Structures are given as structure tokens and as C-alpha cells.
Amino acid sequence: MATTKVDPKLNESEIKNKPKTYDGLTSQQLIDSYRTMFTSRRIDDREILLKRQQKVFFQISGAGHEAVGVAAAFSLRPGYDWFYPYYRDRALCLALGATPYEMLLGAVGAADDPCSGGRQMPSHWAYKRLNIVTQSSATGTQILQAVGCAEAGRYLAKHPNATRKAEGDYRQFKDIQFQGDEITYVSLGDGTTSQGEFWEALNTASNCRLPLLFCVQDNEYAISVPVEVQTSGGNISRLVSAFPNFHFEEMDGTDPVIAYAALRRAADYCRAGNGPAFVHAHVIRPYSHSLSDDERLYRPDAERQRDAARDPISCLQMFLLREGILDEKEINRIEKEVDEEVQAAADRALEARVPQPESIYHYVYSPDLDPTSPAFDRPPAFASPEAGSDGKRAAASQPKTMADLINATLRDEMRRDERVIIFGEDIADASREEYLKQKLIKGKGGVFKLTSGLQMEFGPDRVFNTPLAEAAIVGRATGMATRGLKPVVEIQFFDYIWPAMMQLRDELPIIRWRSNNAFSSPLVVRVAIGGYLTGGAIYHSQCGESIFTHTPGLRVVFPSNSLDAAGLLRTAIRCDDPVLFLEHKRLYRETYGRSPYPGPDFMVPFGKAKIVQPGTDLSVITYGAVVPRALQAAQKLEREQHVSVELIDLRTLSPFDWEAIATSVKKTNRALIAYEDSLSWGYGAEIAARIADQLFHHLDAPVKRIAATDTFVAYQPLLENAILPQASDLFRAMRELAEF
Ligand SMILES: Cc1ncc(C[n+]2csc(CCOP(=O)(O)OP(=O)(O)O)c2C)c(N)n1
Ligand SMILES: [Mg+2]
């Protein structure tokens with residue numbers, strides 16, 4: 001371990017009186033480090049014991065990683081900086097201010113476990129007061145969120161007015177704090193550097209010079225897979241060294257003095273606004289991966305003993321003795337105190353209240369703001385054509401396409417709420433702003449032009465293009481929303497949403513639930529979806545909405561016309577939950593369902609279907625681009641065979657309007673669910689099952705579904721027509737059901 005040289009500028013008496021430091025750490029800080037590191041290890045040991053006694057249900061340790069954690073905590077500020085740690089960061093969290101009792105509450109799954117209220121495994125840290133953000137078990141998903149967190153800090157420093165609370169929307173419930181020179185810390189293991197999201201995060205942190213401190217804790221194993229299999233050449237520092245704007249450190253992370261010096265330099269670099277830092281800490285993993293793993297199966301004794309010789313706890317103990325900072329008696333006293341504290345904390349935690357089964361539904365969605373409530377039901381205020389002789393007013397009263405109204409709604413919401421920011425692929429007018437300023441170009445504003453003109457009005461820090469990386473779009477947005485911003489991001493085509501699937505399934509929708517309401521990430525993901533494009537083919541025609549309605553915590557919206565799109569998008573932006581907003585490409589510029597702009601306050605609540613046409617003989621339940629096709633079929637059936645069809649447009653798929661369906665089916669006694677996605681396992685399966693289950697006695701015919709074939713959509717229009725449900729298919733299905 002290194003001892004600092006004394007500053008040569010000091011005079012002799014100053015030198016004498018100046019307390020000796022060790023690369024900036026005082027003796028007291030080293031003693032505190034020892035206490036924290038020892039506490040961390042002892043909590044692990046206690047949990048292991050409790051697991052063997054079956055009093056806790058999982059254990060993963062921070063053993064071997066204690067020194068780097070404590071050093072990071074000394075270099076950063078709890079409740080000021082932001083932290084996206086991972087499960088080995090027990091010592092970091094203790095050093096930042098989490099207590100052994102809090103940690104043991106997590107181990108037993110207590111109701112008052114501050115990390116998750118017994119919902120997550122232990123060592124999934126989340127301490128709101130310390131700005132330690134909830135994390136999942138999925139390795140690496142925290143990294144892009146940390147990028148978004150760092151971006152949010154920078155944005156808020158530039159837009160302090162955005163932090164103001166406002167009545168009547170999510171802002172009322174979303175506190176914002178920022179410091180201006182804060183750092184975001186994110187840690188991960190060596191194996192996790194293999195995840196694509198890690199590289200996406202490095203790229204954006206580098207390109208945007210974000211104050212983000214990466215801390216890779218390299219214990220040379222990812223469960224049983226050694227580092228040379230994960231990382232070409234076996235050293236991650238070498239691979240990342242070409243990223244511009246970074247400060248790099250690679251050091252022995254088992255030595256708190258060396259680790260502190262490196263982390264301090266890294267933190268200073270970030271805090272000064274120079275850009276991100278990458279700290280590569282070589283550590284050990286003396287306790288196997290977790291209690292479910294036995295490393296003796298893949299690591300020979302000699303290798304394990306080599307590691308044990310570098311154990312940070314015993315090394316620091318020897319250092320303290322050698323330097324005369326503590327004697328044996330004092331070390332024994334600290335260890336005894338720690339043992340007593342951990343024992344007492346464990347005893348208390350074992351007595352703690354457990355969560356009640358009824359609580360499982362708490363915090364799936366915001367408890368504060370219900371987007372199905374009347375607060376989100378606001379009538380349209382159309383501009384009247386007579387009201388003004390100016391051309392503008394007259395134009396506003398003209399029927400507008402869905403594309404126009406989505407654009408207008410985004411614009412009005414951005415004017416109203418400075419927390420709204422928009423990003424995605426190609427959504428800016430032009431990233432090379434000078435071309436716009438010199439009026440050399442008109443600007444793009446989205447491949448479907450839905451965001452056209454927004455960058456020009458709101459500037460490039462509120463409307464910007466991202467790299468072609470869907471996980472990064474959603475992950476960054478999630479981090480920003482955790483801090484209180486309201487990202488409204490775009491996924492260019494539903495067919496390409498899949499790189500973001502980890503973020504959309506394992507992260508965004510469950511941040512609130514898994515943190516027991518300590519954190520939330522309300523944001524909007526707009527996605528161009530669907531087929532009927534004549535040539536859209538496999539990769540520009542997909543639906544697949546049921547994959548997302550199957551995810552608790554996510555609201556899923558699918559409008560069929562301009563007016564609903566405007567009203568539902570506004571609700572999506574103002575509500576307090578994450579929303580997947582599906583926009584059918586074929587409907588963007590359709591003549592069907594155009595509407596004048598309904599004004600800046602028009603809202604449609606979620607979970608309220610629209611009766612497109614009332615009827616008495618059968619109920620057709622549908623949404624999206626099937627609505628106009630079903631309407632056409634229903635009108636023909638009425639004309640030709642006097643069958644009266646009640647046509648229901650669900651508008652939102654999660655939540656959905658069961659009451660409207662039930663009321664209709666009780667009246668007509670026949671139900672057809674029509675949707676564009678492939679038939680099997682689709683959205684209609686759930687609706688059909690519910691009808692069969694709950695309305696069985698009201699049915700005069702089997703519940704029917706009509707949907708696409710169980711194939712992808714083909715390019716050749718003849719094939720496309722055969723695959724997707726057409727008005728003629730809907731007509732036939734309705735007629736058969738009416739005749740049953
Ligand atoms: C995306 C994902 N894949 C697999 C796993 C299972 N898993 C949990 S930890 C882990 C190894 C992580 O190794 P590393 O990043 O080196 O961290 P360490 O545990 O060594 O500190 C694996 C494969 C997971 N949690 N998430
Ligand atoms: Mg590892």
C-alpha cells in the first residue's frame with residue numbers, strides 16, 4: 001500500500017503538524033474503511049449462516065470487492081451524486097450510509113426492506129435518500145439508465161425551470177433534485193462488459209462527455225466463465241482505451257489506498273465537467289459466485305489460495321498494524337463491535353414484519369395518478385372556422401391526419417412542460433444544425449415526419465437524434481425519467497423494438513413495483529407499428545402488441561384515428577406510468593378518422609373503449625387499423641343482410657375496457673374479436689377467454705377471432721392481402737357468426 005509524499009511547499013513545522021495521509025486518505029478514514037469493509041464481510045457471513053438455516057432465501061456476497069466500494073464512497077457524495085451499483089457493492093452502500101439492519105431486512109424479505117419491500121433478492125440495492133437507484137438482476141441493464149441519469153443532471157442544470165411542480169399531471173408527484181456538478185456512478189462486473197448495452201453506454205457517455213463514472217470490478221470470473229473468454233485479450237481496459245473524452249484508471253481494487261487515489265482522480269475529472277471516467281478495478285471473489293455456486297468445481301485450490309492472499313480485509317488489517325494506525329487490541333475491539341452490531345441487526349430483521357399477500361398489487365402502477373380517471377377526460381375545443389378571417393384559423397379547423405395531430409400534440413406538450421424531451425433515430429430536423437440555420441435544408445423530423453419542426457422550435461437539447469441503438473433509446477429514457485424528466489422517445493419501426501426488449505420488459509415497467517414505489521420512470525415510447533402497406537413485408541409490418549400487454553406495469557395504447565391519437569398521447573405524456581404508444585403507420589395519413597386539432601387540453605382517458613357504431617346482433621371488438629376495415633364490413637352486412645353490428649374500438653389495450661365489452665356482449669350475445677396480429681397467442685386470445693369465462697351464460701354462439709395468418713407478413717401484395725385480415729374476411733366472419 002502506498003504512503004503519500006509530504007507536500008514540498010510546506011515549511012518544517014507545518015510538515016510536523018500535518019496529519020500523515022495515505023494517498024489522500026487520513027488514518028481515521030482508513031480506520032473507518034476497515035470498519036465498513038469488515039461490516040460488509042460480516043453481513044455476508046451472517047446471511048450465509050441464515051441461508052443455511054433456511055431463514056433467508058438467497059445470498060450473493062460482496063466479498064473481495066469491499067475496498068473498491070469504500071474507496072468509491074469516499075470519492076463521491078451520498079444524496080448528491082447518483083449511484084447505479086450492482087450486487088457486489090455492499091461495502092459501497094454501507095459506506096454511503098445504508099445500515100446493516102436495512103440490508104438484513106432485504107435478506108429476510110421484510111415489508112420494511114427499503115430496497116424492495118421483499119420483492120427483490122437481497123443485494124439489489126435501492127436507497128432513495130442516498131440516490132442509490134433500484135437495480136434488477138439482469139446484468140448490465142443499469143448502465144444505459146446511468147447514462148440517462150447523467151444526461152438528466154446536465155439537462156436540469158441548463159433548464160432549472162423544468163424542476164417546477166405542476167398540478168394535475170405527473171409533475172405533482174415527481175420530485176426533482178440536481179446539483180449542477182453531480183456525478184453518476186455505475187458499476188458492473190468483468191463478465192457484464194460483454195453485454196451490448198455496455199458498449200452502447202460507453203459510446204454515448206464518450207460522445208456526450210457525460211459526468212459518468214464507470215467502475216468495472218474485475219474478479220476474473222462471471223460465475224464460472226473466466227475473463228479471457230469474456231474479453232478478447234483478457235483485459236477490458238485495453239479494449240475501451242480508444243474511446244475519446246474518457247479518463248482511464250486501472251488498479252488493484254483490493255487496496256483501499258490505491259483504489260481511493262484512482263477513484264478520486266476519476267471523480268475529479270468527471271466533476272470538473274471533462275467527461276466520463278473508466279475505472280478498472282482488479283478484485284477477488286473469495287466466496288464463489290453466490291451460495292448457489294461452488295467455485296471448487298472450476299477453480300483449483302492453488303488459484304483460490306492466490307486470491308486469498310490478496311483478501312482486502314486481511315491486507316488492510318496488516319497495513320493498519322504495520323503503519324501503527326491500530327494495534328491488535330483496537331482491531332479486536334472494532335471487530336467485536338461490528339459483530340455485535342450485525343448480530344443485533346440480524347436478530348431484529350428476523351423479527352421484522354413480513355409483507356402481506358394483499359400488497360402484491362401495490363405499485364404496479366402509480367398510486368397517485370390514475371389515467372383511467374375523469375381527470376384525464378377532457379373535451380375537445382375545436383377552432384371554429386368562422387371565428388377568424390385569417391387563413392390560420394381556417395386551416396386549424398380543417399380535418400387533420402393522425403400524423404398532423406400527433407405532431408401538434410407533441411408540440412403543445414413541449415410548450416407546456418419543459419421536462420418533455422424527444423429523441424430517437426432520425427427524429428431531429430437535422431443534427432447538423434448549421435444547415436438549418438443557414439436555411440440550406442428543410443429538415444427531416446422523423447422517417448414518417450411525426451416530429452417535424454420540433455427541433456427547430458425547441459432546440460437540439462430537447463429534440464435530438466440518437467445512435468442507431470434501440471436499447472440505448474429506452475435505457476437512457478428510463479434513467480432520465482427516474483430523475484423526473486418526461487422523455488417521449490420514438491422507436492422507428494415496431495419490427496426493430498427487440499434490441500430494447502430487455503429494457504422494456506425487465507426494467508421500465510417494473511421500476512416502481514420492484515422498488516416498492518421508491519422510484520418510478522413514467523415516460524412514453526412511441527412506436528410506428530403495423531402493416532397493410534403494400535410492400536411492407538416482414539420487417540416493416542409487424543404487430544405483436546400482446547407481448548407488451550403481457551407485461552404488468554406498462555400501459556399499452558393503440559389509437560385508430562386522429563382525434564383519439566391526440567387525446568391518448570396527451571394522457572400518455574401527462575400520466576405517471578410508462579406508456580407504449582403504438583401508432584399504426586397505415587393510419588398516419590389515412591382519410592379515415594381525420595379531425596381538426598382538438599386544442600391543447602383535449603385528453604382521452606385510458607381504458608375507455610369507443611363504440612364506433614352501436615348494434616344489436618353481434619359485437620365486434622377491435623382496435624388499430626382493423627377498425628376502419630371492420631366498419632366497412634359491418635356497414636356492408638347491415639346494407640345487404642340487415643345484421644346490426646356493434647363495433648367497439650378498444651383504443652387502449654392495457655388497461656382495456658372490459659365493461660364496454662361485457663355490456664355489449666350481454667346485449668348482442670355474440671362476440672368476434674378482430675386484430676391484425678397473427679391469430680394464435682394474440683391479444684384476442686385474452687379477450688376471448690374472458691368472454692368465455694365471464695359471459696358464458698350470455699352467449700348464443702362460440703366466441704370467434706379473426707386475425708392474420710400464423711405467419712409473418714410477406715412483401716408481394718397478393719401474399720400480404722392473404723395474410724392480413726381484410727374487410728372481406730371480416731365480412732365473412734361477421735356473417736357466419738350472425739348466422740350461427
Ligand atoms: C442478462 C443476464 N444474463 C445472465 C445472468 C445470470 N448471471 C448473473 S451474475 C452472472 C455473472 C456476472 O459476472 P460479472 O459481470 O463478472 O460479475 P461478478 O458476479 O463476477 O461480480 C450471470 C451470468 C443475468 N443475471 N443477467
Ligand atoms: Mg466477475
# chains A, B, ... in the order shown; residues from 1 in each chain; ligands from 1
>>> residues_around(residues="range 74-79 of chain A", least_positions_apart="6", cutoff="8 Å", atoms="only C-alpha atoms", output="list in words")
Ala95, Leu96, Gly97, Arg129, Leu130, Asn131, Ile183, Tyr260, Leu263, Arg264 and Ala267 of chain A
>>> residues_near_ligand(ligand="ligand 1", cutoff="9 Å", atoms="only C-alpha atoms and all ligand atoms", output="PyMOL selection string")
chain A and resi 60+62+65+86-88+136-141+188-195+216-227+230+284-285+289-290+502
>>> write_last_selection(atoms="N, CA and C atoms", output="compact mmCIF listing (two decimals), in the first residue's frame")
# COMPACT_ATOMS: atom_id res chain seq x y z
N ILE A 60 -25.93 -13.49 -2.13
CA ILE A 60 -24.83 -13.19 -3.04
C ILE A 60 -23.95 -12.17 -2.31
N GLY A 62 -20.57 -9.57 -1.35
CA GLY A 62 -19.67 -8.54 -1.86
C GLY A 62 -18.24 -8.84 -1.49
N HIS A 65 -14.74 -7.44 -2.88
CA HIS A 65 -14.98 -6.17 -3.58
C HIS A 65 -15.07 -5.00 -2.58
N TYR A 86 -24.05 -2.45 -8.52
CA TYR A 86 -24.53 -3.81 -8.75
C TYR A 86 -24.36 -4.62 -7.48
N TYR A 87 -24.75 -5.91 -7.56
CA TYR A 87 -24.93 -6.67 -6.32
C TYR A 87 -23.67 -6.84 -5.47
N ARG A 88 -22.47 -6.63 -6.04
CA ARG A 88 -21.26 -6.77 -5.21
C ARG A 88 -20.97 -5.51 -4.40
N SER A 136 -31.94 -4.21 -11.23
CA SER A 136 -32.55 -5.52 -11.43
C SER A 136 -31.48 -6.60 -11.32
N SER A 137 -31.86 -7.82 -11.63
CA SER A 137 -30.87 -8.90 -11.65
C SER A 137 -30.22 -9.05 -13.02
N ALA A 138 -30.78 -8.39 -14.02
CA ALA A 138 -30.26 -8.55 -15.37
C ALA A 138 -28.93 -7.81 -15.48
N THR A 139 -27.87 -8.52 -15.77
CA THR A 139 -26.55 -7.88 -15.75
C THR A 139 -26.44 -6.82 -16.84
N GLY A 140 -26.07 -5.64 -16.44
CA GLY A 140 -25.74 -4.58 -17.41
C GLY A 140 -26.86 -3.63 -17.74
N THR A 141 -28.09 -3.91 -17.34
CA THR A 141 -29.19 -3.01 -17.72
C THR A 141 -29.10 -1.67 -17.02
N LEU A 188 -20.18 -2.53 -12.54
CA LEU A 188 -20.53 -3.80 -13.20
C LEU A 188 -19.34 -4.74 -13.07
N GLY A 189 -19.61 -6.01 -13.34
CA GLY A 189 -18.53 -6.99 -13.28
C GLY A 189 -17.83 -7.13 -14.62
N ASP A 190 -16.74 -7.87 -14.62
CA ASP A 190 -15.98 -8.08 -15.86
C ASP A 190 -16.81 -8.81 -16.90
N GLY A 191 -17.60 -9.80 -16.47
CA GLY A 191 -18.42 -10.55 -17.43
C GLY A 191 -19.45 -9.65 -18.10
N THR A 192 -19.96 -8.71 -17.34
CA THR A 192 -21.03 -7.84 -17.86
C THR A 192 -20.52 -6.90 -18.95
N THR A 193 -19.22 -6.72 -19.04
CA THR A 193 -18.71 -5.89 -20.14
C THR A 193 -18.95 -6.55 -21.50
N SER A 194 -19.38 -7.82 -21.48
CA SER A 194 -19.70 -8.47 -22.76
C SER A 194 -21.07 -8.05 -23.30
N GLN A 195 -21.90 -7.44 -22.47
CA GLN A 195 -23.23 -7.05 -22.93
C GLN A 195 -23.14 -5.88 -23.92
N VAL A 216 -15.61 -0.87 -13.31
CA VAL A 216 -15.66 -2.29 -13.62
C VAL A 216 -14.89 -3.05 -12.54
N GLN A 217 -15.59 -3.92 -11.86
CA GLN A 217 -14.98 -4.69 -10.77
C GLN A 217 -14.64 -6.07 -11.32
N ASP A 218 -13.38 -6.23 -11.64
CA ASP A 218 -12.92 -7.39 -12.40
C ASP A 218 -12.39 -8.45 -11.44
N ASN A 219 -13.25 -9.44 -11.14
CA ASN A 219 -12.81 -10.55 -10.29
C ASN A 219 -12.43 -11.77 -11.13
N GLU A 220 -12.31 -11.54 -12.43
CA GLU A 220 -11.83 -12.55 -13.39
C GLU A 220 -12.79 -13.69 -13.66
N TYR A 221 -13.96 -13.62 -13.09
CA TYR A 221 -14.95 -14.66 -13.37
C TYR A 221 -16.34 -14.05 -13.51
N ALA A 222 -17.13 -14.66 -14.38
CA ALA A 222 -18.57 -14.41 -14.44
C ALA A 222 -19.18 -15.79 -14.18
N ILE A 223 -19.65 -16.00 -12.97
CA ILE A 223 -19.95 -17.33 -12.44
C ILE A 223 -18.71 -18.21 -12.71
N SER A 224 -18.78 -19.10 -13.70
CA SER A 224 -17.62 -19.99 -13.91
C SER A 224 -16.80 -19.62 -15.15
N VAL A 225 -17.24 -18.57 -15.86
CA VAL A 225 -16.58 -18.26 -17.13
C VAL A 225 -15.45 -17.25 -16.88
N PRO A 226 -14.22 -17.62 -17.20
CA PRO A 226 -13.10 -16.72 -16.90
C PRO A 226 -13.00 -15.55 -17.87
N VAL A 227 -12.29 -14.55 -17.43
CA VAL A 227 -12.26 -13.26 -18.12
C VAL A 227 -11.75 -13.36 -19.55
N GLN A 230 -14.58 -13.92 -21.83
CA GLN A 230 -15.47 -12.76 -21.98
C GLN A 230 -14.87 -11.71 -22.89
N ILE A 284 -10.97 -9.63 -6.13
CA ILE A 284 -11.06 -11.09 -5.99
C ILE A 284 -12.49 -11.47 -5.62
N ARG A 285 -12.77 -12.76 -5.73
CA ARG A 285 -14.11 -13.26 -5.40
C ARG A 285 -13.96 -14.51 -4.54
N HIS A 289 -19.57 -17.59 -6.73
CA HIS A 289 -20.41 -16.54 -7.32
C HIS A 289 -21.53 -16.15 -6.37
N SER A 290 -22.26 -17.17 -5.91
CA SER A 290 -23.32 -16.94 -4.93
C SER A 290 -23.41 -18.22 -4.12
N MET A 502 -35.03 -5.96 -23.44
CA MET A 502 -34.60 -6.13 -22.05
C MET A 502 -35.02 -4.92 -21.22
>>> residues_around(residues="Thr466 in chain A", least_positions_apart="6", cutoff="7 Å", atoms="only C-alpha atoms", output="JSON list (two decimals) with all heavy atoms, in the first residue's frame")
[["chain", "number", "residue", "atom", "x", "y", "z"],
["A", 423, "PHE", "N", -36.37, 12.08, -28.28],
["A", 423, "PHE", "CA", -35.22, 11.59, -29.04],
["A", 423, "PHE", "C", -35.48, 10.20, -29.62],
["A", 423, "PHE", "O", -36.40, 9.51, -29.22],
["A", 423, "PHE", "CB", -33.93, 11.61, -28.21],
["A", 423, "PHE", "CG", -34.01, 10.92, -26.87],
["A", 423, "PHE", "CD1", -33.57, 9.61, -26.71],
["A", 423, "PHE", "CD2", -34.49, 11.58, -25.75],
["A", 423, "PHE", "CE1", -33.60, 8.98, -25.47],
["A", 423, "PHE", "CE2", -34.53, 10.96, -24.50],
["A", 423, "PHE", "CZ", -34.09, 9.66, -24.36],
["A", 424, "GLY", "N", -34.66, 9.85, -30.58],
["A", 424, "GLY", "CA", -34.82, 8.59, -31.29],
["A", 424, "GLY", "C", -34.00, 8.67, -32.57],
["A", 424, "GLY", "O", -33.21, 9.60, -32.76],
["A", 425, "GLU", "N", -34.23, 7.70, -33.45],
["A", 425, "GLU", "CA", -33.48, 7.67, -34.71],
["A", 425, "GLU", "C", -34.17, 8.57, -35.74],
["A", 425, "GLU", "O", -35.37, 8.41, -35.98],
["A", 425, "GLU", "CB", -33.41, 6.23, -35.23],
["A", 425, "GLU", "CG", -32.59, 5.34, -34.31],
["A", 425, "GLU", "CD", -32.97, 3.86, -34.40],
["A", 425, "GLU", "OE1", -33.69, 3.47, -35.35],
["A", 425, "GLU", "OE2", -32.56, 3.09, -33.51]]
>>> closest_residue(among="A:Pro379, A:Gly530, A:Gly445, A:Pro160", to="Arg419 in chain A", atoms="only C-alpha atoms")
A:Pro160
>>> select_by_dssp(residues="range 319-419 of chain A", states="alpha helix (DSSP H)", output="JSON, numbers by chain")
{"A": [319, 320, 321, 322, 328, 329, 330, 331, 332, 333, 334, 335, 336, 337, 338, 339, 340, 341, 342, 343, 344, 345, 346, 347, 348, 349, 350, 391, 392, 393, 394, 395, 396, 402, 403, 404, 405, 406, 407, 408, 409, 410, 411, 412, 413, 414, 415, 416]}
>>> closest_residue(among="A:Pro499, A:Pro276, A:Pro114, A:Gly64", to="ligand 2", atoms="only C-alpha atoms and all ligand atoms")
A:Gly64
>>> closest_residue(among="A:Val364, A:Ala302, A:Leu105, A:Ile132", to="Tyr84 in chain A", atoms="only C-alpha atoms")
A:Ile132
>>> closest_residue(among="A:Gln641, A:Gln179, A:Ser187, A:Ser619", to="ligand 2", atoms="only C-alpha atoms and all ligand atoms")
A:Ser187
>>> residues_around(residues="Gly109 in chain A", least_positions_apart="6", cutoff="9 Å", atoms="only C-alpha atoms", output="list in words")
Val56, Phe57, Ser116, Gly117, Gly118, Arg119, Gln120, Met121, Pro122, Val354 and Pro355 of chain A
